[in-house]
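**Q** What follows is a structure written as structure tokens; I'll ask about it next.
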Amino acid sequence: MKKICLKDKEFELFIPEKEVLAAIERIAVEIKRDMDGKNPLFVGVLNGAFMFIADLMRRLDGSYELTFARYSSYRGTSSTGTVKEILPLHPTDVEGRTVILLEDIVDSGFTMSYVMSKLREQGAAEVKLATMLFKPDALKCDLKPDYVGIEIPNEFIVGYGLDYDEMGRAYRDIYKIVE
């Protein structure tokens, strides 16, 4: 599909699924290399990252521990700047562990900066961030992801887990908004 409509917005094809999967394969190789001999705790950030998490964990193909958390800072197509914890991290015992956050997209960076700081306060030995997509031009805080699938311009996108008001997550390709 070249174009899709969600509610009152039109979106055009931006990143085909094969490019997304190639980026995930590269991230998996990097994580396996860096985590060799370690026992990291992976934390999947819902809802948007569910497809990224599933595809990445299949490629890691190991006995890793995975849990989930959910945070929100978006309304419509823009960030509110306030992070809400919707589903707290379980297990909460991160003391002395390497924690790898799995996120769909880092734009302003506020949510991941908040979560990473909180995990460090809880005693995590190391906190790393793996993100499928990264918008460096939208970054508003001091944050550098450790693993980046694809850097993109500051466009509003949907598909591959990302949504517009909860719509469009199931598309396998990624689409950008048509203004």
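Simple scheme: letters A, B, ... for chains in structure tokens order, numbers from 1 for residues in each chain, numbers from 1 for ligands in the order shown.
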With a distance cut-off of 8 Å and only C-alpha atoms, select the neighbouring residues of region 38-50 of chain A, excluding the residue or stretch itself and same-chain residues fewer than 6 positions from it, and output the selection as a ChimeraX atom specification.
**A** /A:64-71,89,94,97-105,160-163,169
**Q** Go ahead and save the picked residues with C-alpha atoms, as a PDB file, in the first residue's frame.
**A**
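Generated file (again22.pdb):
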```pdb
ATOM      1  CA  TYR A  64      16.839 -13.633  28.324  1.00  0.00           C
ATOM      2  CA  GLU A  65      14.393 -12.255  30.875  1.00  0.00           C
ATOM      3  CA  LEU A  66      11.724  -9.983  29.391  1.00  0.00           C
ATOM      4  CA  THR A  67       9.147  -7.853  31.149  1.00  0.00           C
ATOM      5  CA  PHE A  68       6.973  -4.927  30.130  1.00  0.00           C
ATOM      6  CA  ALA A  69       6.096  -1.412  31.230  1.00  0.00           C
ATOM      7  CA  ARG A  70       3.906   1.284  29.747  1.00  0.00           C
ATOM      8  CA  TYR A  71       4.321   5.041  29.804  1.00  0.00           C
ATOM      9  CA  LEU A  89       7.736  -2.299  35.671  1.00  0.00           C
ATOM     10  CA  VAL A  94      16.647  -4.204  39.025  1.00  0.00           C
ATOM     11  CA  ARG A  97      21.243  -5.666  36.754  1.00  0.00           C
ATOM     12  CA  THR A  98      21.896  -4.474  33.234  1.00  0.00           C
ATOM     13  CA  VAL A  99      18.541  -3.241  31.950  1.00  0.00           C
ATOM     14  CA  ILE A 100      17.870  -2.766  28.240  1.00  0.00           C
ATOM     15  CA  LEU A 101      14.797  -0.687  27.411  1.00  0.00           C
ATOM     16  CA  LEU A 102      13.117  -1.615  24.117  1.00  0.00           C
ATOM     17  CA  GLU A 103      11.317   1.386  22.655  1.00  0.00           C
ATOM     18  CA  ASP A 104       9.565   1.979  19.329  1.00  0.00           C
ATOM     19  CA  ILE A 105      10.655   5.585  18.805  1.00  0.00           C
ATOM     20  CA  TYR A 160       4.831  -1.233  12.803  1.00  0.00           C
ATOM     21  CA  GLY A 161       3.390  -0.639  16.275  1.00  0.00           C
ATOM     22  CA  LEU A 162       3.188   3.155  16.093  1.00  0.00           C
ATOM     23  CA  ASP A 163      -0.220   4.794  16.181  1.00  0.00           C
ATOM     24  CA  ARG A 169      -0.402  -0.067  14.811  1.00  0.00           C
TER      25      ARG A 169
END
```
**Q** Taking the backbone alone, and naming residues the way the document does, which bits of region 1-174 of chain A are helix (DSSP H, G or I) by DSSP, as a VMD selection string?
**A** chain A and resid 17 to 34 50 to 60 110 to 121 136 to 138
**Q** Using only C-alpha atoms, which residue out of A:Ile15, A:Cys141, A:Ala23, A:Leu56 lies closest to Lys2 (chain A)?
**A** A:Ile15
**Q** Set the distance at 8 Å and use only C-alpha atoms: which residues neighbour Ile177 (chain A) once local chain neighbours fewer than 3 positions away are removed? I'd like the list as an MDAnalysis selection string.
**A** chainID A and resid 9:12 155:158
**Q** For the selection you just gave me, I'd like the residues written to a file as a PDB file, in the first residue's frame, keeping all heavy atoms.
**A**
```pdb
ATOM      1  N   LYS A   9      -6.558  11.888   8.935  1.00  0.00           N
ATOM      2  CA  LYS A   9      -5.213  12.116   8.394  1.00  0.00           C
ATOM      3  C   LYS A   9      -4.874  11.099   7.307  1.00  0.00           C
ATOM      4  O   LYS A   9      -5.304   9.958   7.341  1.00  0.00           O
ATOM      5  CB  LYS A   9      -4.149  12.002   9.491  1.00  0.00           C
ATOM      6  CG  LYS A   9      -4.391  12.881  10.704  1.00  0.00           C
ATOM      7  CD  LYS A   9      -3.865  14.272  10.498  1.00  0.00           C
ATOM      8  CE  LYS A   9      -3.975  15.075  11.783  1.00  0.00           C
ATOM      9  NZ  LYS A   9      -4.568  16.349  11.614  1.00  0.00           N
ATOM     10  N   GLU A  10      -4.046  11.559   6.355  1.00  0.00           N
ATOM     11  CA  GLU A  10      -3.554  10.688   5.290  1.00  0.00           C
ATOM     12  C   GLU A  10      -2.058  10.458   5.509  1.00  0.00           C
ATOM     13  O   GLU A  10      -1.336  11.376   5.919  1.00  0.00           O
ATOM     14  CB  GLU A  10      -3.787  11.341   3.924  1.00  0.00           C
ATOM     15  CG  GLU A  10      -3.458  10.426   2.771  1.00  0.00           C
ATOM     16  CD  GLU A  10      -3.770  11.061   1.422  1.00  0.00           C
ATOM     17  OE1 GLU A  10      -3.870  12.305   1.334  1.00  0.00           O
ATOM     18  OE2 GLU A  10      -3.911  10.304   0.460  1.00  0.00           O
ATOM     19  N   PHE A  11      -1.618   9.230   5.244  1.00  0.00           N
ATOM     20  CA  PHE A  11      -0.223   8.851   5.429  1.00  0.00           C
ATOM     21  C   PHE A  11       0.275   8.162   4.167  1.00  0.00           C
ATOM     22  O   PHE A  11      -0.470   7.445   3.509  1.00  0.00           O
ATOM     23  CB  PHE A  11      -0.086   7.882   6.618  1.00  0.00           C
ATOM     24  CG  PHE A  11      -0.490   8.468   7.936  1.00  0.00           C
ATOM     25  CD1 PHE A  11      -1.829   8.500   8.323  1.00  0.00           C
ATOM     26  CD2 PHE A  11       0.454   8.996   8.811  1.00  0.00           C
ATOM     27  CE1 PHE A  11      -2.219   9.033   9.548  1.00  0.00           C
ATOM     28  CE2 PHE A  11       0.074   9.531  10.033  1.00  0.00           C
ATOM     29  CZ  PHE A  11      -1.257   9.550  10.401  1.00  0.00           C
ATOM     30  N   GLU A  12       1.587   8.363   3.860  1.00  0.00           N
ATOM     31  CA  GLU A  12       2.187   7.713   2.696  1.00  0.00           C
ATOM     32  C   GLU A  12       3.322   6.797   3.144  1.00  0.00           C
ATOM     33  O   GLU A  12       3.935   7.030   4.192  1.00  0.00           O
ATOM     34  CB  GLU A  12       2.690   8.751   1.694  1.00  0.00           C
ATOM     35  CG  GLU A  12       3.792   9.639   2.221  1.00  0.00           C
ATOM     36  CD  GLU A  12       4.140  10.789   1.281  1.00  0.00           C
ATOM     37  OE1 GLU A  12       3.452  10.994   0.275  1.00  0.00           O
ATOM     38  OE2 GLU A  12       5.123  11.495   1.593  1.00  0.00           O
ATOM     39  N   GLU A 155       9.213  13.634  11.450  1.00  0.00           N
ATOM     40  CA  GLU A 155       7.915  13.415  10.787  1.00  0.00           C
ATOM     41  C   GLU A 155       7.022  12.616  11.734  1.00  0.00           C
ATOM     42  O   GLU A 155       7.520  11.792  12.502  1.00  0.00           O
ATOM     43  CB  GLU A 155       8.098  12.584   9.507  1.00  0.00           C
ATOM     44  CG  GLU A 155       9.084  13.135   8.514  1.00  0.00           C
ATOM     45  CD  GLU A 155       8.419  13.997   7.461  1.00  0.00           C
ATOM     46  OE1 GLU A 155       7.202  14.221   7.550  1.00  0.00           O
ATOM     47  OE2 GLU A 155       9.146  14.442   6.555  1.00  0.00           O
ATOM     48  N   PHE A 156       5.722  12.820  11.652  1.00  0.00           N
ATOM     49  CA  PHE A 156       4.797  11.989  12.427  1.00  0.00           C
ATOM     50  C   PHE A 156       4.544  10.719  11.623  1.00  0.00           C
ATOM     51  O   PHE A 156       4.188  10.775  10.450  1.00  0.00           O
ATOM     52  CB  PHE A 156       3.475  12.721  12.714  1.00  0.00           C
ATOM     53  CG  PHE A 156       2.604  11.928  13.642  1.00  0.00           C
ATOM     54  CD1 PHE A 156       2.822  11.958  15.009  1.00  0.00           C
ATOM     55  CD2 PHE A 156       1.598  11.114  13.141  1.00  0.00           C
ATOM     56  CE1 PHE A 156       2.035  11.197  15.871  1.00  0.00           C
ATOM     57  CE2 PHE A 156       0.810  10.359  13.997  1.00  0.00           C
ATOM     58  CZ  PHE A 156       1.026  10.400  15.363  1.00  0.00           C
ATOM     59  N   ILE A 157       4.764   9.578  12.262  1.00  0.00           N
ATOM     60  CA  ILE A 157       4.656   8.295  11.557  1.00  0.00           C
ATOM     61  C   ILE A 157       3.726   7.316  12.270  1.00  0.00           C
ATOM     62  O   ILE A 157       3.474   7.446  13.469  1.00  0.00           O
ATOM     63  CB  ILE A 157       6.046   7.655  11.365  1.00  0.00           C
ATOM     64  CG1 ILE A 157       6.733   7.479  12.716  1.00  0.00           C
ATOM     65  CG2 ILE A 157       6.902   8.485  10.423  1.00  0.00           C
ATOM     66  CD1 ILE A 157       8.015   6.694  12.639  1.00  0.00           C
ATOM     67  N   VAL A 158       3.257   6.331  11.503  1.00  0.00           N
ATOM     68  CA  VAL A 158       2.412   5.256  12.026  1.00  0.00           C
ATOM     69  C   VAL A 158       2.839   3.940  11.376  1.00  0.00           C
ATOM     70  O   VAL A 158       3.542   3.925  10.378  1.00  0.00           O
ATOM     71  CB  VAL A 158       0.905   5.487  11.761  1.00  0.00           C
ATOM     72  CG1 VAL A 158       0.405   6.740  12.450  1.00  0.00           C
ATOM     73  CG2 VAL A 158       0.606   5.513  10.284  1.00  0.00           C
TER      74      VAL A 158
END
```
**Q** Nearest to Leu119 (chain A): which of A:Tyr147, A:Met132, A:His90, A:Gly159 is it, counting only C-alpha atoms?
**A** A:His90
**Q** Identify, with DSSP run on backbone atoms, the residues in chain A assigned to strand (DSSP E or B), and express the list as a ChimeraX atom specification.
**A** /A:3-6,9-15,41-46,65-75,78-87,98-106,126-134,147-151,157-159,162,164,167,174-178
